[in-house]
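First the structure, in the form of structure tokens, and then the observations on it.
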Amino acid sequence: MTTSATGSRSNANAEAPPSIELREVSKTYRSASRPALRDVDLAIAPGETLALIGGSGSGKTTLLRLLNRMVEPSTGVVLRDGQAIGEIEPIELRRRTGYVQQVGGLLPHWTVERNVWLVPELLGWPLADRRRRARELLEAVGLDPDAYGDRHPHRLSGGERQRVAFARALAAGPRTLLLDEPFGALDAITRDALRRLFLELRRRFEATTVLVTHDIEEAMRLGDRVAVLHEGELLQVARPDELRATPAHPYVALLLEHGNPRAAEARP
Amino acid sequence: MNIGARRRACLMPALGLLGWGLASSIGAATDGTVVVGSKNFAESRFLGELFAQAIEAQTSLRVERRLGLAGTEFCFEALRTGAIDVYPEYTGTGWVTLLRAEAIADQAGVLAGVRREFRERWDLEWLAPLGFENSWEIAVRREVAERYSLRTISQLAAVAGDLRAGFGLEFVAREDGLEGLRRVYGLEPGSVRALQQTPQYQAAREGIIDVVDVYTTDGRLAAADLVLLEDDRGFFPPYQAAPLARGVTLREHPEMAAALGRLAGALDVARMREYNRRLEELHEPLELVAADALRDLGLAGGSDADAEAARQYADGAREGFAAYVWRERVALGRRTLEHLGLSAAALLLGAAVAIPLALWLDRRGGRVAESVVRFVGATQTVPSLALLGFLIPLLGVGVKPAIAALWIYAIFPMLRSATSGLRDADPAAALAATALGMTEGQVLRRVRLPLALPAIMAGVRTAAAITIGTATLAAFIGAGGLGEPIIAGLQLVDTKRILSGAVPAALLALLVDWVLGRVERALRPPGVSG
């Protein structure tokens, strides 16, 4: 650990517990030779967006899945709003945590509208409320509910699908949003539009967000802070300007120089 | 004598083992019904039908017919386990094939031997022989017989090097066939070809082969220009035809023993040849020929049904396929329904196992799932006739073992496609559904199962095609279906009859596939491609 991981945002209430906190968390998968995560300490303030950057095999997806109990830590604790998540029922925890993945997450046999109200449906909302909520969310992500609501995902473009995925993740008003490379599979123009949409949604919904990415520019642009993960270790957690000014590890410097982890790792 | 002894050698221990533990007396004569069986060639079917009519004419017993069972082992196991009460058998077959005794030529000795052994071992009774023997014989073309002045097999052996033989497949394979002739007579023909019976006669007629093996009672012998050679060293055991019955049944229904007893010595070789000729050459209906035989023996008058059959036969002797099918429409309709019933039952029972098993394996996962699928796959490699044979001691003959066998074959295609369908059903969607808080059950019911449905239905369609095709074999264990005309037709060399089963079976398979295709489309979730 090169940096104290207890960051706080100026606008966060200093007395509130971190929205998300990891204390000395390690994870070793069965049949794996080395840990996927090693002694990770991290705290994320309410409403903050943390961009988590790392190469493939760095442990970033593992870290993300620890936060909604899709993966359980080998040692250490994960807390949400001060409560150890081991005490929270995983199904309940996930229903109040938005989740967007890179591609293909929509249910292909459901309409766009039904995909959006998936979590409200699981929570037992009445149909009228679900429908109203789906309309709101589709408008919020820039899709006309009348034109898109009844379609099936296979009739959408890649960018439209990710918009629906964002609408679905936000439908039940989660206070936490987990994003696993949500712009990773899009072309440059669509990606830019989606990033702008993300910033707009963040202003509006104010959810604590963990954004996994392998693109340093994206991390610097979208994250309040950037966390650099390399081979299971958290090398540095800092605001983008701090990161650029004082990289705490040669790998971080390489990452800043080359723009993405693959190029940084290719260096001798 | 008509069934390969080799397969019996493999089946016998397994059948015995299963039989010991599990044989049950399904269908045994506990009420006023007796079950008559037969093997699947014309003469055996004829004798079975003759037994049935003789019992019906002379007693008040109800007779159920299970004619055309696949062969000696099927009939014997069915009789031993009580699935049938009586069937026509040959003493030589009992002696050589069932008791595996050394072949002897002494007719009375063989009869006394099988009577003693069958009674002691299995409580089975050989009733009085019917009067004819149906043995193997060696015959040569008349021209050849005259050229070499041949009367006996010994004389043939002396000149055999110059001659071409065409023997039946079974004769070539069996110890008491060509092998034994070589040993006993030193018979070494210049060349030996293995042929089916019908081509054998044709090849002899055209002078392509000189020496053939024939059955004594073959209806074609009269017309063929062949000379039968004397078995001067008594090599072939005597094959006297007789009813072989369960002791239990005979004690319970002595009237059945009496009725069959009246057939004792009633059929000589010439008569039997004539009946075989009418069945195999003229394709006369079995019931009609048997009724004539019974009348010839003075045991019963022709019934109205016989008269009707005779009239229909006279009308239809030269009819085409379409006319034949039209005349047989009621029977064919019944066969089709039987076929559909067998297939549907097997398919539903198969799905009831395969789909829950696939779901369980899906939860269980890993190596266990793989091994189970592989094990079930191995059942697929069991030859269908062998499987039917195994099932007789457990389930008797008729519909039950047929459905059981088809059920076993139906499971694998459905299991395999359901497991792979579940495994491959849009993993990203399942992951997202889990991440957003669906329970495992919800992910299965609402995401993975609907997405796996096209694959599952594809498996059901494959299973249906296999089941409908395999169900034609159900006729071998007396379960009816469209295999009945096919198998009977093959034995009676009657193409019309074969096609009248094969064509509807094929159409049925196509129709069912089409219907299931529609069902699949109707069930396929919108937005999912097949």
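Please note that chains go A, B, ... in the order of the structure tokens, that every chain numbers its residues from 1, and that ligands are numbered from 1 in the order shown.
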Closest-contact table, chain B side, partner chain A, 10 Å, counting only C-alpha atoms, as a tab-separated table:
residue	atom	partner	partner_atom	distance
B:Asp426	CA	A:Gly104	CA	8.0
B:Pro427	CA	A:Gly105	CA	8.6
B:Ala428	CA	A:Gly105	CA	5.1
B:Ala429	CA	A:Gly105	CA	4.5
B:Ala430	CA	A:Gly105	CA	7.7
B:Leu431	CA	A:Gly105	CA	7.2
B:Ala432	CA	A:Gly105	CA	5.2
B:Ala433	CA	A:Gly105	CA	7.8
B:Thr434	CA	A:Arg94	CA	8.2
B:Ala435	CA	A:Arg94	CA	6.1
B:Leu436	CA	A:Arg94	CA	5.3
B:Gly437	CA	A:Arg95	CA	4.7
B:Met438	CA	A:Ile91	CA	6.8
B:Thr439	CA	A:Ile91	CA	6.6
B:Glu440	CA	A:Ile91	CA	9.6
B:Gln442	CA	A:Leu122	CA	9.5
B:Arg446	CA	A:Leu107	CA	9.4
B:Val447	CA	A:Leu107	CA	7.1
B:Arg448	CA	A:Leu107	CA	9.7
B:Pro450	CA	A:His109	CA	7.8
B:Leu451	CA	A:His109	CA	7.4
B:Arg524	CA	A:His109	CA	9.0
B:Pro525	CA	A:His109	CA	5.5
B:Pro526	CA	A:His109	CA	5.5
B:Gly527	CA	A:His109	CA	5.1
B:Val528	CA	A:His109	CA	5.9
B:Ser529	CA	A:His154	CA	9.6
Keeping only C-alpha atoms, write the selected residues to a file as a PDB file, in the first residue's frame.
ATOM      1  CA  ASP B 426     -26.771 -16.693 -22.844  1.00  0.00           C
ATOM      2  CA  PRO B 427     -24.391 -16.769 -19.851  1.00  0.00           C
ATOM      3  CA  ALA B 428     -24.141 -12.959 -19.898  1.00  0.00           C
ATOM      4  CA  ALA B 429     -27.885 -12.607 -19.390  1.00  0.00           C
ATOM      5  CA  ALA B 430     -27.814 -15.145 -16.560  1.00  0.00           C
ATOM      6  CA  LEU B 431     -24.919 -13.267 -14.961  1.00  0.00           C
ATOM      7  CA  ALA B 432     -26.744  -9.938 -15.161  1.00  0.00           C
ATOM      8  CA  ALA B 433     -29.913 -11.482 -13.751  1.00  0.00           C
ATOM      9  CA  THR B 434     -27.910 -12.844 -10.821  1.00  0.00           C
ATOM     10  CA  ALA B 435     -26.089  -9.569 -10.285  1.00  0.00           C
ATOM     11  CA  LEU B 436     -29.392  -7.677 -10.137  1.00  0.00           C
ATOM     12  CA  GLY B 437     -30.806  -9.947  -7.463  1.00  0.00           C
ATOM     13  CA  MET B 438     -32.632 -12.870  -9.009  1.00  0.00           C
ATOM     14  CA  THR B 439     -32.466 -15.991  -6.875  1.00  0.00           C
ATOM     15  CA  GLU B 440     -30.930 -19.091  -8.394  1.00  0.00           C
ATOM     16  CA  GLN B 442     -35.572 -17.291 -10.662  1.00  0.00           C
ATOM     17  CA  ARG B 446     -37.153 -16.969 -15.908  1.00  0.00           C
ATOM     18  CA  VAL B 447     -33.909 -16.756 -17.858  1.00  0.00           C
ATOM     19  CA  ARG B 448     -32.012 -19.966 -18.476  1.00  0.00           C
ATOM     20  CA  PRO B 450     -36.731 -20.110 -21.529  1.00  0.00           C
ATOM     21  CA  LEU B 451     -33.460 -19.498 -23.373  1.00  0.00           C
ATOM     22  CA  ARG B 524     -39.811 -20.207 -28.390  1.00  0.00           C
ATOM     23  CA  PRO B 525     -39.560 -16.937 -26.493  1.00  0.00           C
ATOM     24  CA  PRO B 526     -39.858 -13.859 -28.728  1.00  0.00           C
ATOM     25  CA  GLY B 527     -36.526 -12.283 -29.517  1.00  0.00           C
ATOM     26  CA  VAL B 528     -34.704 -15.606 -29.364  1.00  0.00           C
ATOM     27  CA  SER B 529     -33.574 -17.233 -32.537  1.00  0.00           C
TER      28      SER B 529
END
All residues 12 Å or closer to Arg196 of chain A, only C-alpha atoms, same chain fewer than 5 positions away omitted, as a PDB file with C-alpha atoms, in the first residue's frame:
ATOM      1  CA  VAL A 141     -31.175   7.483 -20.910  1.00  0.00           C
ATOM      2  CA  GLY A 142     -32.386   9.173 -24.082  1.00  0.00           C
ATOM      3  CA  ARG A 163     -28.498   2.745 -22.453  1.00  0.00           C
ATOM      4  CA  PHE A 183     -18.279   1.400 -22.464  1.00  0.00           C
ATOM      5  CA  ILE A 189     -18.503   8.033 -31.075  1.00  0.00           C
ATOM      6  CA  THR A 190     -21.041   5.957 -29.178  1.00  0.00           C
ATOM      7  CA  ARG A 191     -18.645   5.617 -26.256  1.00  0.00           C
ATOM      8  CA  LEU A 201     -27.004  10.333 -14.768  1.00  0.00           C
ATOM      9  CA  ARG A 202     -24.508  10.651 -11.955  1.00  0.00           C
ATOM     10  CA  ARG A 203     -25.534  14.240 -11.309  1.00  0.00           C
ATOM     11  CA  GLU A 218     -11.837   7.281 -19.148  1.00  0.00           C
ATOM     12  CA  ARG A 221     -12.323  11.861 -16.929  1.00  0.00           C
ATOM     13  CA  LEU A 222     -15.100  10.032 -15.091  1.00  0.00           C
TER      14      LEU A 222
END
query: Restricting the calculation to only C-alpha atoms, which member of B:Leu229, B:Ala522, B:Leu127, B:Val63 is positioned closest to Ala245 of chain B?
result: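 Nearest to Ala245 of chain B: B:Leu127.
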- prompt: In Å to one decimal, how far is atom CA of Tyr251 of chain A from atom CA of Glu231 of chain A?
  reply: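 Between these atoms lies a distance of 11.0 Å.
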Give me, as an mmCIF file with N, CA and C atoms, in the first residue's frame, all polymer residues having an atom no more than 6 Å from Arg225 of chain A, counting only C-alpha atoms and skipping those fewer than 4 positions away in the same chain.
data_model
loop_
_atom_site.group_PDB
_atom_site.id
_atom_site.type_symbol
_atom_site.label_atom_id
_atom_site.label_comp_id
_atom_site.auth_asym_id
_atom_site.auth_seq_id
_atom_site.Cartn_x
_atom_site.Cartn_y
_atom_site.Cartn_z
ATOM 1 N N LEU A 50 -15.611 6.084 -8.023
ATOM 2 C CA LEU A 50 -14.240 5.579 -8.028
ATOM 3 C C LEU A 50 -14.013 4.832 -9.329
ATOM 4 N N ALA A 238 -6.057 7.906 -5.821
ATOM 5 C CA ALA A 238 -5.843 9.357 -5.736
ATOM 6 C C ALA A 238 -6.750 10.092 -6.705
ATOM 7 N N ARG A 239 -6.946 11.394 -6.473
ATOM 8 C CA ARG A 239 -7.689 12.211 -7.436
ATOM 9 C C ARG A 239 -6.890 12.238 -8.733
#
- prompt: Could you name the residues that touch Glu370 of chain B at 10 Å or less, counting only C-alpha atoms, but leaving out those on the same chain fewer than 3 positions away, as a list of chain:residue names?
  reply: B:Leu361, B:Gly365, B:Gly366, B:Arg367, B:Val373, B:Arg374, B:Phe375, B:Arg416, B:Thr419
File of the preceding selection, N, CA and C atoms, as a PDB file, in the first residue's frame:
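File part19.pdb, as written:
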ATOM      1  N   LEU B 361     -28.456 -32.051 -12.730  1.00  0.00           N
ATOM      2  CA  LEU B 361     -27.053 -32.068 -13.126  1.00  0.00           C
ATOM      3  C   LEU B 361     -26.531 -30.650 -13.306  1.00  0.00           C
ATOM      4  N   GLY B 365     -23.400 -29.910 -11.481  1.00  0.00           N
ATOM      5  CA  GLY B 365     -22.294 -29.455 -12.318  1.00  0.00           C
ATOM      6  C   GLY B 365     -21.086 -30.376 -12.313  1.00  0.00           C
ATOM      7  N   GLY B 366     -20.065 -29.940 -13.003  1.00  0.00           N
ATOM      8  CA  GLY B 366     -18.756 -30.563 -12.956  1.00  0.00           C
ATOM      9  C   GLY B 366     -18.693 -31.976 -13.470  1.00  0.00           C
ATOM     10  N   ARG B 367     -17.819 -32.749 -12.820  1.00  0.00           N
ATOM     11  CA  ARG B 367     -17.488 -34.060 -13.337  1.00  0.00           C
ATOM     12  C   ARG B 367     -18.656 -35.040 -13.206  1.00  0.00           C
ATOM     13  N   VAL B 373     -24.044 -38.033 -17.902  1.00  0.00           N
ATOM     14  CA  VAL B 373     -24.433 -37.921 -19.308  1.00  0.00           C
ATOM     15  C   VAL B 373     -23.749 -39.012 -20.133  1.00  0.00           C
ATOM     16  N   ARG B 374     -22.475 -39.264 -19.814  1.00  0.00           N
ATOM     17  CA  ARG B 374     -21.762 -40.283 -20.573  1.00  0.00           C
ATOM     18  C   ARG B 374     -22.345 -41.675 -20.312  1.00  0.00           C
ATOM     19  N   PHE B 375     -22.707 -41.921 -19.049  1.00  0.00           N
ATOM     20  CA  PHE B 375     -23.297 -43.226 -18.720  1.00  0.00           C
ATOM     21  C   PHE B 375     -24.620 -43.415 -19.456  1.00  0.00           C
ATOM     22  N   ARG B 416     -29.016 -34.892 -23.208  1.00  0.00           N
ATOM     23  CA  ARG B 416     -27.836 -34.215 -23.745  1.00  0.00           C
ATOM     24  C   ARG B 416     -28.186 -32.798 -24.203  1.00  0.00           C
ATOM     25  N   THR B 419     -28.968 -30.530 -21.144  1.00  0.00           N
ATOM     26  CA  THR B 419     -27.803 -30.085 -20.373  1.00  0.00           C
ATOM     27  C   THR B 419     -26.989 -29.058 -21.157  1.00  0.00           C
TER      28      THR B 419
END
